[in-house]
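Here is the structure we will look at.
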Amino acid sequence: MPPRDNPTARQARLGGELRKLRDHAGKTAREAAGLLSTDQAKISHIESGRIGISEERIRKLAVFYACDDAELIDALCAIAREHRGQYWWDEYRGILGPGFLDIAELEHHATYMRCLQPLTFPGILQTEDYARALFSSVIPKLPRDEVHARVEHRMRRRSILDRKEPPEFEAIVHEAALRMRVGGRAVARAQLEHVLEVSKLPNVMLRVIPFASEQFLEVTQTALYAGGIVPKLDAVHIDTPFGGLFLDSAADLDKHRTLLDLAEQASLEPAESRSFIHHIAREL
């Protein structure tokens with residue numbers, strides 16, 4: 001099969017982890033290719049996520065790289081067994097950009113999530129009208145079909161909270177997001193009421209950073225920290241003016257864990273946060 005033009009973030013992560021193992025072992029791509037009886041170009045494609053790799057080959061490489069982290073290797077093999085078309089977001093391939101599929105994929109496989117949102121509510125906590133208002137405000141203006149597809153996709157992402165064993169989800173939202181009248185007064189009020197209802201779920205923890213907080217915190221950029229099946233597969237997703245960006249280096253993971261810890265310290269407790277949101281909703 002020809003190399004993939006657009007590997008998913010998860011496919012790229014599998015390849016990236018194999019590259020890290022090879023680098024740590026001090027092996028060359030040529031040596032890895034020799035082990036698998038292939039060429040260096042194919043190793044390059046595997047490590048960039050553009051070509052898949054079998055579970056058997058992953059385990060063969062693990063032995064060659066002297067990697068004894070059984071949990072990590074099992075997790076990489078599980079990723080390798082996945083195939084395109086088995087998940088609901090694959091229905092949007094060719095309809096929405098790869099970033100939409102990647103965020104749904106990240107959330108679906110996360111064992112837990114922590115997020116920081118300065119100006120809007122997290123995607124999986126948004127109402128349909130709120131999401132539509134956000135997408136309708138994109139410049140340049142999106143076609144109606146594109147807005148509809150984006151809203152539908154975002155609503156389907158919410159299903160992870162309804163699973164039999166849903167991931168723990170901590171959302172830290174700045175007061176600015178609560179007071180933004182996205183879509184108008186009625187839509188904004190319904191959004192606040194929806195968030196209050198969702199915050200009652202046992203796996204959801206909602207915290208608010210009020211304007212009155214005296215702890216300085218960099219909250220100008222969103223951040224979603226997703227726990228992997230093993231810690232080495234944790235990932236961070238941040239929004240940029242050019243689309244979503246995935247980070248997985250040890251330094252980036254540590255930096256964002258610290259950021260989220262500081263944000264939690266600057267925020268109100270969950271019960272206080274719900275009262276705070278309720279008060280703002282009554283003002284609308």
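Here's how to read the names in the structure tokens: chain A, B, ... by the order shown, residue numbers from 1 in each chain, ligand numbers from 1 in the order shown.
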All residues 10 Å or closer to segment 144-147 of chain A, only C-alpha atoms, same chain fewer than 5 positions away omitted, as a VMD selection string: chain A and resid 95 to 96 131 to 138 152 to 153
Counting only C-alpha atoms, what is within 7 Å of segment 244-251 of chain A, bar same-chain residues fewer than 4 positions away, as a PDB file with all heavy atoms, in the first residue's frame?
```pdb
ATOM      1  N   GLY A  99      -7.789  17.666  11.762  1.00  0.00           N
ATOM      2  CA  GLY A  99      -7.758  18.079  13.156  1.00  0.00           C
ATOM      3  C   GLY A  99      -9.011  17.706  13.923  1.00  0.00           C
ATOM      4  O   GLY A  99      -8.943  17.387  15.117  1.00  0.00           O
ATOM      5  N   ASP A 234       0.832   9.822  27.231  1.00  0.00           N
ATOM      6  CA  ASP A 234       0.075  11.040  27.502  1.00  0.00           C
ATOM      7  C   ASP A 234       0.306  12.020  26.349  1.00  0.00           C
ATOM      8  O   ASP A 234       1.321  11.952  25.647  1.00  0.00           O
ATOM      9  CB  ASP A 234       0.550  11.695  28.799  1.00  0.00           C
ATOM     10  CG  ASP A 234       0.128  10.924  30.051  1.00  0.00           C
ATOM     11  OD1 ASP A 234      -0.533   9.882  29.906  1.00  0.00           O
ATOM     12  OD2 ASP A 234       0.478  11.371  31.161  1.00  0.00           O
ATOM     13  N   ALA A 235      -0.633  12.937  26.172  1.00  0.00           N
ATOM     14  CA  ALA A 235      -0.496  13.928  25.105  1.00  0.00           C
ATOM     15  C   ALA A 235      -1.178  15.223  25.504  1.00  0.00           C
ATOM     16  O   ALA A 235      -2.104  15.226  26.322  1.00  0.00           O
ATOM     17  CB  ALA A 235      -1.096  13.402  23.803  1.00  0.00           C
ATOM     18  N   VAL A 236      -0.731  16.310  24.908  1.00  0.00           N
ATOM     19  CA  VAL A 236      -1.335  17.625  25.117  1.00  0.00           C
ATOM     20  C   VAL A 236      -1.804  18.152  23.772  1.00  0.00           C
ATOM     21  O   VAL A 236      -1.081  18.047  22.773  1.00  0.00           O
ATOM     22  CB  VAL A 236      -0.330  18.616  25.742  1.00  0.00           C
ATOM     23  CG1 VAL A 236      -0.895  20.032  25.732  1.00  0.00           C
ATOM     24  CG2 VAL A 236       0.021  18.206  27.165  1.00  0.00           C
ATOM     25  N   HIS A 237      -3.009  18.711  23.759  1.00  0.00           N
ATOM     26  CA  HIS A 237      -3.535  19.348  22.552  1.00  0.00           C
ATOM     27  C   HIS A 237      -3.766  20.817  22.866  1.00  0.00           C
ATOM     28  O   HIS A 237      -4.406  21.154  23.863  1.00  0.00           O
ATOM     29  CB  HIS A 237      -4.849  18.704  22.123  1.00  0.00           C
ATOM     30  CG  HIS A 237      -5.476  19.353  20.922  1.00  0.00           C
ATOM     31  ND1 HIS A 237      -6.354  20.410  21.014  1.00  0.00           N
ATOM     32  CD2 HIS A 237      -5.341  19.103  19.593  1.00  0.00           C
ATOM     33  CE1 HIS A 237      -6.738  20.779  19.809  1.00  0.00           C
ATOM     34  NE2 HIS A 237      -6.140  19.996  18.935  1.00  0.00           N
ATOM     35  N   ILE A 238      -3.213  21.689  22.040  1.00  0.00           N
ATOM     36  CA  ILE A 238      -3.442  23.124  22.213  1.00  0.00           C
ATOM     37  C   ILE A 238      -3.968  23.693  20.903  1.00  0.00           C
ATOM     38  O   ILE A 238      -3.636  23.220  19.820  1.00  0.00           O
ATOM     39  CB  ILE A 238      -2.164  23.873  22.646  1.00  0.00           C
ATOM     40  CG1 ILE A 238      -1.052  23.721  21.602  1.00  0.00           C
ATOM     41  CG2 ILE A 238      -1.675  23.383  24.009  1.00  0.00           C
ATOM     42  CD1 ILE A 238       0.189  24.553  21.916  1.00  0.00           C
ATOM     43  N   ASP A 239      -4.801  24.719  21.028  1.00  0.00           N
ATOM     44  CA  ASP A 239      -5.313  25.415  19.844  1.00  0.00           C
ATOM     45  C   ASP A 239      -4.359  26.530  19.460  1.00  0.00           C
ATOM     46  O   ASP A 239      -3.830  27.234  20.325  1.00  0.00           O
ATOM     47  CB  ASP A 239      -6.691  26.008  20.122  1.00  0.00           C
ATOM     48  CG  ASP A 239      -7.769  24.950  20.191  1.00  0.00           C
ATOM     49  OD1 ASP A 239      -7.659  23.952  19.457  1.00  0.00           O
ATOM     50  OD2 ASP A 239      -8.723  25.117  20.984  1.00  0.00           O
ATOM     51  N   THR A 240      -4.130  26.685  18.175  1.00  0.00           N
ATOM     52  CA  THR A 240      -3.311  27.765  17.655  1.00  0.00           C
ATOM     53  C   THR A 240      -4.083  28.438  16.518  1.00  0.00           C
ATOM     54  O   THR A 240      -5.076  27.884  16.021  1.00  0.00           O
ATOM     55  CB  THR A 240      -1.962  27.254  17.104  1.00  0.00           C
ATOM     56  OG1 THR A 240      -2.185  26.620  15.828  1.00  0.00           O
ATOM     57  CG2 THR A 240      -1.312  26.254  18.060  1.00  0.00           C
ATOM     58  N   LYS A 255       5.512  20.586  31.539  1.00  0.00           N
ATOM     59  CA  LYS A 255       5.135  22.005  31.545  1.00  0.00           C
ATOM     60  C   LYS A 255       3.625  22.167  31.682  1.00  0.00           C
ATOM     61  O   LYS A 255       3.146  22.998  32.477  1.00  0.00           O
ATOM     62  CB  LYS A 255       5.612  22.667  30.254  1.00  0.00           C
ATOM     63  CG  LYS A 255       5.079  24.083  30.042  1.00  0.00           C
ATOM     64  CD  LYS A 255       5.467  24.614  28.674  1.00  0.00           C
ATOM     65  CE  LYS A 255       4.810  25.961  28.398  1.00  0.00           C
ATOM     66  NZ  LYS A 255       5.173  26.467  27.046  1.00  0.00           N
TER      67      LYS A 255
END
```
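For the residues A:Ala281, A:Ile79, A:Val151, A:Ala104, ranking by smallest atom-to-atom distance to Val187 of chain A using only C-alpha atoms places A:Ala281 first.
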Pick from A:Phe242, A:Phe64, A:Tyr112, A:Tyr225 nearest to Asp254 of chain A, counting only C-alpha atoms: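 For Asp254 of chain A, the nearest of the candidates is A:Tyr225.
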For segment 201-208 of chain A: contacts at 6 Å, only C-alpha atoms, fewer than 5 positions along chain excluded, given as a ChimeraX atom specification: /A:168-174,267-268,270,273
Atomic distance atom CA of Gly16 of chain A - atom CA of Ala33 of chain A, expressed in Å with one decimal: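 According to the coordinates, atom CA of Gly16 of chain A and atom CA of Ala33 of chain A are separated by 16.0 Å.
Going from atom CA of Gln265 of chain A to atom CA of Gln215 of chain A covers 8.5 Å.
Here atom CA of Leu101 of chain A is placed at a distance of 5.8 Å from atom CA of Trp89 of chain A.
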Pro7 of chain A surroundings by only C-alpha atoms, 9 Å radius, close-in-sequence under 2 positions cut, as a ChimeraX atom specification: /A:3-5,9-12,48-51,98
Would you mind listing what lies within 12 Å of segment 35-43 of chain A as a JSON list (two decimals) with N, CA and C atoms, in the first residue's frame, with only C-alpha atoms counted and same-chain residues fewer than 4 positions away left out?
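Okay, this is what ended up in result_10.json:
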```
[["chain", "number", "residue", "atom", "x", "y", "z"],
["A", 1, "MET", "N", 0.84, -1.19, 0.00],
["A", 1, "MET", "CA", 0.00, 0.00, 0.00],
["A", 1, "MET", "C", 0.88, 1.25, 0.00],
["A", 2, "PRO", "N", 0.44, 2.31, -0.71],
["A", 2, "PRO", "CA", 1.23, 3.56, -0.72],
["A", 2, "PRO", "C", 1.18, 4.23, 0.65],
["A", 3, "PRO", "N", 2.17, 5.06, 0.95],
["A", 3, "PRO", "CA", 2.17, 5.77, 2.24],
["A", 3, "PRO", "C", 0.94, 6.66, 2.38],
["A", 15, "GLY", "N", 4.37, 5.78, 15.42],
["A", 15, "GLY", "CA", 5.65, 5.85, 14.71],
["A", 15, "GLY", "C", 6.68, 6.64, 15.49],
["A", 16, "GLY", "N", 6.25, 7.74, 16.11],
["A", 16, "GLY", "CA", 7.17, 8.56, 16.89],
["A", 16, "GLY", "C", 7.74, 7.81, 18.09],
["A", 18, "LEU", "N", 8.18, 4.56, 18.26],
["A", 18, "LEU", "CA", 9.14, 3.59, 17.73],
["A", 18, "LEU", "C", 10.47, 4.27, 17.41],
["A", 19, "ARG", "N", 10.39, 5.49, 16.90],
["A", 19, "ARG", "CA", 11.61, 6.24, 16.61],
["A", 19, "ARG", "C", 12.37, 6.56, 17.91],
["A", 22, "ARG", "N", 14.18, 3.52, 19.04],
["A", 22, "ARG", "CA", 15.37, 3.26, 18.22],
["A", 22, "ARG", "C", 16.50, 4.21, 18.59],
["A", 27, "LYS", "N", 20.37, 2.69, 17.69],
["A", 27, "LYS", "CA", 20.31, 1.94, 16.43],
["A", 27, "LYS", "C", 20.00, 2.89, 15.28],
["A", 28, "THR", "N", 20.47, 2.55, 14.10],
["A", 28, "THR", "CA", 20.19, 3.35, 12.91],
["A", 28, "THR", "C", 18.96, 2.81, 12.19],
["A", 29, "ALA", "N", 18.40, 3.66, 11.33],
["A", 29, "ALA", "CA", 17.26, 3.22, 10.53],
["A", 29, "ALA", "C", 17.68, 2.07, 9.61],
["A", 30, "ARG", "N", 18.93, 2.11, 9.18],
["A", 30, "ARG", "CA", 19.43, 1.04, 8.31],
["A", 30, "ARG", "C", 19.45, -0.29, 9.06],
["A", 31, "GLU", "N", 19.85, -0.26, 10.34],
["A", 31, "GLU", "CA", 19.88, -1.49, 11.13],
["A", 31, "GLU", "C", 18.47, -2.02, 11.37],
["A", 47, "GLU", "N", 7.99, 5.34, 10.97],
["A", 47, "GLU", "CA", 8.24, 6.23, 12.10],
["A", 47, "GLU", "C", 7.55, 7.58, 11.96],
["A", 48, "SER", "N", 7.04, 7.89, 10.79],
["A", 48, "SER", "CA", 6.27, 9.12, 10.60],
["A", 48, "SER", "C", 4.77, 8.83, 10.60],
["A", 49, "GLY", "N", 4.41, 7.56, 10.75],
["A", 49, "GLY", "CA", 3.01, 7.18, 10.78],
["A", 49, "GLY", "C", 2.39, 7.02, 9.42],
["A", 50, "ARG", "N", 3.19, 7.11, 8.36],
["A", 50, "ARG", "CA", 2.64, 7.07, 7.00],
["A", 50, "ARG", "C", 2.43, 5.64, 6.51],
["A", 51, "ILE", "N", 3.05, 4.69, 7.19],
["A", 51, "ILE", "CA", 2.84, 3.27, 6.87],
["A", 51, "ILE", "C", 2.59, 2.53, 8.17],
["A", 52, "GLY", "N", 1.66, 1.59, 8.16],
["A", 52, "GLY", "CA", 1.36, 0.82, 9.35],
["A", 52, "GLY", "C", 2.43, -0.23, 9.61],
["A", 53, "ILE", "N", 2.34, -0.84, 10.79],
["A", 53, "ILE", "CA", 3.29, -1.88, 11.17],
["A", 53, "ILE", "C", 2.54, -2.94, 11.97],
["A", 54, "SER", "N", 2.92, -4.19, 11.77],
["A", 54, "SER", "CA", 2.23, -5.28, 12.45],
["A", 54, "SER", "C", 2.68, -5.40, 13.90],
["A", 56, "GLU", "N", 3.57, -8.11, 15.31],
["A", 56, "GLU", "CA", 4.75, -8.98, 15.32],
["A", 56, "GLU", "C", 6.04, -8.17, 15.10],
["A", 57, "ARG", "N", 5.99, -7.23, 14.18],
["A", 57, "ARG", "CA", 7.17, -6.43, 13.90],
["A", 57, "ARG", "C", 7.50, -5.47, 15.04],
["A", 58, "ILE", "N", 6.46, -4.94, 15.68],
["A", 58, "ILE", "CA", 6.70, -4.06, 16.83],
["A", 58, "ILE", "C", 7.43, -4.82, 17.92],
["A", 59, "ARG", "N", 7.00, -6.03, 18.20],
["A", 59, "ARG", "CA", 7.62, -6.82, 19.26],
["A", 59, "ARG", "C", 9.05, -7.24, 18.86],
["A", 60, "LYS", "N", 9.25, -7.47, 17.58],
["A", 60, "LYS", "CA", 10.58, -7.81, 17.09],
["A", 60, "LYS", "C", 11.53, -6.63, 17.26],
["A", 61, "LEU", "N", 11.03, -5.43, 16.94],
["A", 61, "LEU", "CA", 11.84, -4.23, 17.11],
["A", 61, "LEU", "C", 12.12, -3.96, 18.59],
["A", 62, "ALA", "N", 11.12, -4.21, 19.44],
["A", 62, "ALA", "CA", 11.29, -3.98, 20.88],
["A", 62, "ALA", "C", 12.44, -4.81, 21.44],
["A", 63, "VAL", "N", 12.50, -6.06, 21.01],
["A", 63, "VAL", "CA", 13.60, -6.93, 21.46],
["A", 63, "VAL", "C", 14.93, -6.39, 20.93],
["A", 64, "PHE", "N", 14.95, -5.98, 19.66],
["A", 64, "PHE", "CA", 16.17, -5.45, 19.05],
["A", 64, "PHE", "C", 16.63, -4.16, 19.75],
["A", 65, "TYR", "N", 15.64, -3.37, 20.23],
["A", 65, "TYR", "CA", 15.97, -2.12, 20.91],
["A", 65, "TYR", "C", 16.19, -2.31, 22.41]]
```
Residue list (alpha helix (DSSP H), DSSP) for segment 82-278 of chain A, as a count of residues only: 80
Using only C-alpha atoms: which of A:Ile103, A:Cys115, A:Gly26, A:Leu14 has the shortest distance to Gln221 of chain A: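 Of all the options, A:Cys115 lies closest to Gln221 of chain A.
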Neighbour list for Leu284 of chain A as a count of residues only, cut-off 8 Å, only C-alpha atoms, skip fewer than 6 positions in-chain: 3
Residue among A:Arg13, A:Arg150, A:Arg156, A:Arg93 lying closest to Ala80 of chain A, counting only C-alpha atoms: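 For Ala80 of chain A, the nearest of the candidates is A:Arg13.
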Long-range neighbours of His194 of chain A as a ChimeraX atom specification, 8 Å cut-off, only C-alpha atoms, 6 positions minimum in chain: /A:125-127
Prev. selection, C-alpha atoms, output as a PDB file, in the first residue's frame:
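Output saved as out-v5.pdb:
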```
ATOM      1  CA  LEU A 125     -19.448  20.561  27.352  1.00  0.00           C
ATOM      2  CA  GLN A 126     -21.013  22.755  24.668  1.00  0.00           C
ATOM      3  CA  THR A 127     -24.673  22.847  23.683  1.00  0.00           C
TER       4      THR A 127
END
```
